[in-house]
Amino acid sequence: MQVRVNNLTFAYTQKLILNDVSFNLESGEFLTLVGKNGTGKSTLIKCLLKILKVPDGTVFFDNVDINAIKLFKNVGYVPQKVEFSYEFPITVSEILTSAYLKVKDEYFNKVINSLGINPFYRDNINNLSGGQFQKVMIARALLNHPQLLILDEPTVGIDNESMLALYEVLEKLKEKKVTIIISTHDTDFSKDLSDYYLELNEVGVFRIYK
C-alpha cells in the first residue's frame with residue numbers, strides 16, 4: 001500500500017506537535033519513526049489511522065484520501081497500550097478467532113505458529129507476560145492480511161526471543177510488499193529493515209533520512 005502525507009500539522013490546544021510533516025512510502029517500504037517521548041510519534045500514527053482528525057487532502061492511502069475511507073480493511077495496527085477489561089475472562093483463542101474474518105485455516109495457523117503462540121493459546125489474557133500479550137496483539141493485526149502494518153513501540157516489554165520472532169515476521173512481510181511503519185526507541189531493532197527514518201523533535205519539526 002502506498003502512503004502519502006502532505007504538510008500534516010497537528011496541535012493539542014495551543015501546543016504544536018506536528019509541523020508540516022510530509023513523506024511518501026511505496027508498497028513494501030519500511031519507515032521507522034524516531035524521537036524522544038512527547039515529540040509526536042504516537043500522534044502521527046493516530047493521524048494516519050483517523051483516530052485523530054486530519055484535514056482533507058493531508059493523508060492518502062493508495063491515492064485515496066483517508067477521510068473518504070469508511071473502513072480500513074487492509075490496515076493492521078498494534079498500539080503501544082491496549083485497553084482491555086482484565087476482569088473479563090477472555091482467552092487468547094477467543095481474542096484471535098473473533099478478530100479473524102474467516103474460519104480458521106492454514107493462514108491462521110501460520111500466524112499463530114510464526115509468533116510462537118501455541119503454548120499459551122488457551123490461556124486467559126490475565127496470565128500472560130508482557131511479551132506474550134504483545135505477540136497476541138501482533139497476531140491479531142496480521143490475521144486479516146494487512147497491506148499496511150503500523151506498530152507503536154512494539155518492542156517495549158518483550159524478551160529477546162519475542163523480539164527475534166517479531167523481527168522475522170516483519171522481514172517476511174516486507175518481502176511480501178507490505179508497507180510497515182514502526183515507532184521505536186530501539187533503532188538497532190529496525191536498522192536492517194528500515195528504508196527511511198522520520199525523526200521528530202519537541203517543536204514539531206521533522207526530518208526524513210535513509
# chains A, B, ... in the order shown; residues from 1 in each chain; ligands from 1
$ select_by_dssp --residues "segment 44-165 of chain A" --states "helix (DSSP H, G or I)" --output "NGL selection string"
:A and (44-48 or 66-68 or 92-99 or 106-114 or 118-120 or 125-127 or 130-142 or 160-165)
$ select_by_dssp --residues "segment 100-204 of chain A" --states "strand (DSSP E or B)" --output "PyMOL selection string"
chain A and resi 124+148-152+179-183+196-200
$ write_last_selection --atoms "N, CA and C atoms" --output "short mmCIF file (atom, residue, chain, number, x, y, z; two decimals), in the first residue's frame"
data_model
loop_
_atom_site.label_atom_id
_atom_site.label_comp_id
_atom_site.auth_asym_id
_atom_site.auth_seq_id
_atom_site.Cartn_x
_atom_site.Cartn_y
_atom_site.Cartn_z
N ASN A 124 -5.89 -17.58 29.64
CA ASN A 124 -6.56 -16.30 29.87
C ASN A 124 -5.54 -15.18 29.73
N LEU A 148 -0.87 -2.56 4.93
CA LEU A 148 -0.16 -1.56 5.71
C LEU A 148 -0.21 -2.00 7.17
N LEU A 149 0.96 -2.10 7.79
CA LEU A 149 1.04 -2.50 9.20
C LEU A 149 1.72 -1.38 9.97
N ILE A 150 1.05 -0.90 11.03
CA ILE A 150 1.57 0.19 11.85
C ILE A 150 1.73 -0.31 13.29
N LEU A 151 2.94 -0.17 13.83
CA LEU A 151 3.23 -0.66 15.17
C LEU A 151 3.83 0.47 16.01
N ASP A 152 3.24 0.71 17.16
CA ASP A 152 3.69 1.78 18.06
C ASP A 152 4.45 1.16 19.23
N THR A 179 3.62 -2.62 3.43
CA THR A 179 4.21 -1.37 3.90
C THR A 179 4.15 -1.35 5.42
N ILE A 180 5.26 -0.97 6.06
CA ILE A 180 5.35 -1.04 7.52
C ILE A 180 5.83 0.30 8.08
N ILE A 181 5.12 0.76 9.10
CA ILE A 181 5.53 1.96 9.85
C ILE A 181 5.66 1.55 11.31
N ILE A 182 6.81 1.82 11.89
CA ILE A 182 7.07 1.41 13.26
C ILE A 182 7.63 2.59 14.05
N SER A 183 7.11 2.78 15.24
CA SER A 183 7.65 3.77 16.16
C SER A 183 8.47 3.02 17.21
N TYR A 196 13.59 4.11 5.47
CA TYR A 196 13.65 5.52 5.84
C TYR A 196 13.44 5.66 7.35
N TYR A 197 13.99 6.75 7.87
CA TYR A 197 13.73 7.16 9.24
C TYR A 197 13.06 8.54 9.20
N LEU A 198 12.07 8.74 10.06
CA LEU A 198 11.46 10.05 10.21
C LEU A 198 11.66 10.45 11.67
N GLU A 199 12.43 11.50 11.86
CA GLU A 199 12.77 11.96 13.21
C GLU A 199 11.97 13.21 13.56
N LEU A 200 11.34 13.18 14.73
CA LEU A 200 10.55 14.31 15.21
C LEU A 200 11.23 14.93 16.43
#
$ atom_distance --atom1 "atom CA of Gly130 of chain A" --atom2 "atom CA of Ala165 of chain A"
14.5 Å
$ residues_around --residues "Gly28 of chain A" --least-positions-apart "5" --cutoff "6 Å" --atoms "only C-alpha atoms" --output "list in words"
Lys174, Lys177, Val178 and Thr179 of chain A
$ atom_distance --atom1 "atom CA of Lys210 of chain A" --atom2 "atom CA of Asp195 of chain A"
6.0 Å
$ residues_around --residues "Ile66 of chain A" --least-positions-apart "4" --cutoff "8 Å" --atoms "only C-alpha atoms" --output "count of residues only"
5
$ closest_residue --among "A:Ser190, A:Ser93, A:Asn126, A:Ser42" --to "Ile112 of chain A" --atoms "only C-alpha atoms"
A:Ser93
$ closest_atom_pairs --of "segment 38-101 of chain A" --to "segment 2-8 of chain A" --cutoff "10 Å" --atoms "only C-alpha atoms" --output "Markdown table"
| residue | atom | partner | partner_atom | distance |
| --- | --- | --- | --- | --- |
| A:Leu44 | CA | A:Leu8 | CA | 8.8 |
| A:Cys47 | CA | A:Leu8 | CA | 8.8 |
| A:Leu48 | CA | A:Val5 | CA | 8.6 |
| A:Val54 | CA | A:Leu8 | CA | 7.7 |
| A:Pro55 | CA | A:Leu8 | CA | 8.3 |
| A:Gly57 | CA | A:Asn6 | CA | 7.3 |
| A:Thr58 | CA | A:Asn6 | CA | 4.9 |
| A:Val59 | CA | A:Val5 | CA | 4.6 |
| A:Phe60 | CA | A:Arg4 | CA | 5.1 |
| A:Phe61 | CA | A:Val3 | CA | 4.9 |
| A:Asp62 | CA | A:Gln2 | CA | 4.8 |
| A:Asn63 | CA | A:Gln2 | CA | 7.4 |
| A:Val64 | CA | A:Arg4 | CA | 9.4 |
| A:Asp65 | CA | A:Arg4 | CA | 9.3 |
$ closest_residue --among "A:Val169, A:Ile125, A:Gln134, A:Gly76" --to "Asn113 of chain A" --atoms "only C-alpha atoms"
A:Val169
$ atom_distance --atom1 "atom CA of Glu94 of chain A" --atom2 "atom CA of Phe108 of chain A"
13.2 Å
$ closest_residue --among "A:Asn201, A:Thr155, A:Thr184, A:Asn37" --to "Val21 of chain A" --atoms "only C-alpha atoms"
A:Asn201
$ closest_residue --among "A:Val203, A:Ile208, A:Val156, A:Met137" --to "Lys36 of chain A" --atoms "only C-alpha atoms"
A:Val203
$ closest_residue --among "A:Leu18, A:Leu128, A:Ile51, A:Val103" --to "Phe72 of chain A" --atoms "only C-alpha atoms"
A:Ile51
$ residues_around --residues "Thr43 of chain A" --least-positions-apart "2" --cutoff "10 Å" --atoms "only C-alpha atoms" --output "number ranges by chain"
A: 10-12, 17-18, 38-41, 45-49, 51-52
$ write_last_selection --atoms "C-alpha atoms" --output "short mmCIF file (atom, residue, chain, number, x, y, z; two decimals), in the first residue's frame"
data_model
loop_
_atom_site.label_atom_id
_atom_site.label_comp_id
_atom_site.auth_asym_id
_atom_site.auth_seq_id
_atom_site.Cartn_x
_atom_site.Cartn_y
_atom_site.Cartn_z
CA PHE A 10 -1.44 18.94 14.34
CA ALA A 11 -1.71 20.69 17.70
CA TYR A 12 -3.28 19.91 21.07
CA ILE A 17 3.00 18.66 17.89
CA LEU A 18 3.43 18.11 14.14
CA GLY A 38 6.44 13.61 23.59
CA THR A 39 7.69 14.53 20.12
CA GLY A 40 4.59 13.28 18.31
CA LYS A 41 5.36 9.73 17.13
CA ILE A 45 0.29 7.29 13.94
CA LYS A 46 -3.14 8.27 15.28
CA CYS A 47 -3.48 10.84 12.49
CA LEU A 48 -2.69 8.18 9.89
CA LEU A 49 -5.41 5.96 11.36
CA ILE A 51 -8.04 8.25 15.48
CA LEU A 52 -7.22 11.96 15.40
#
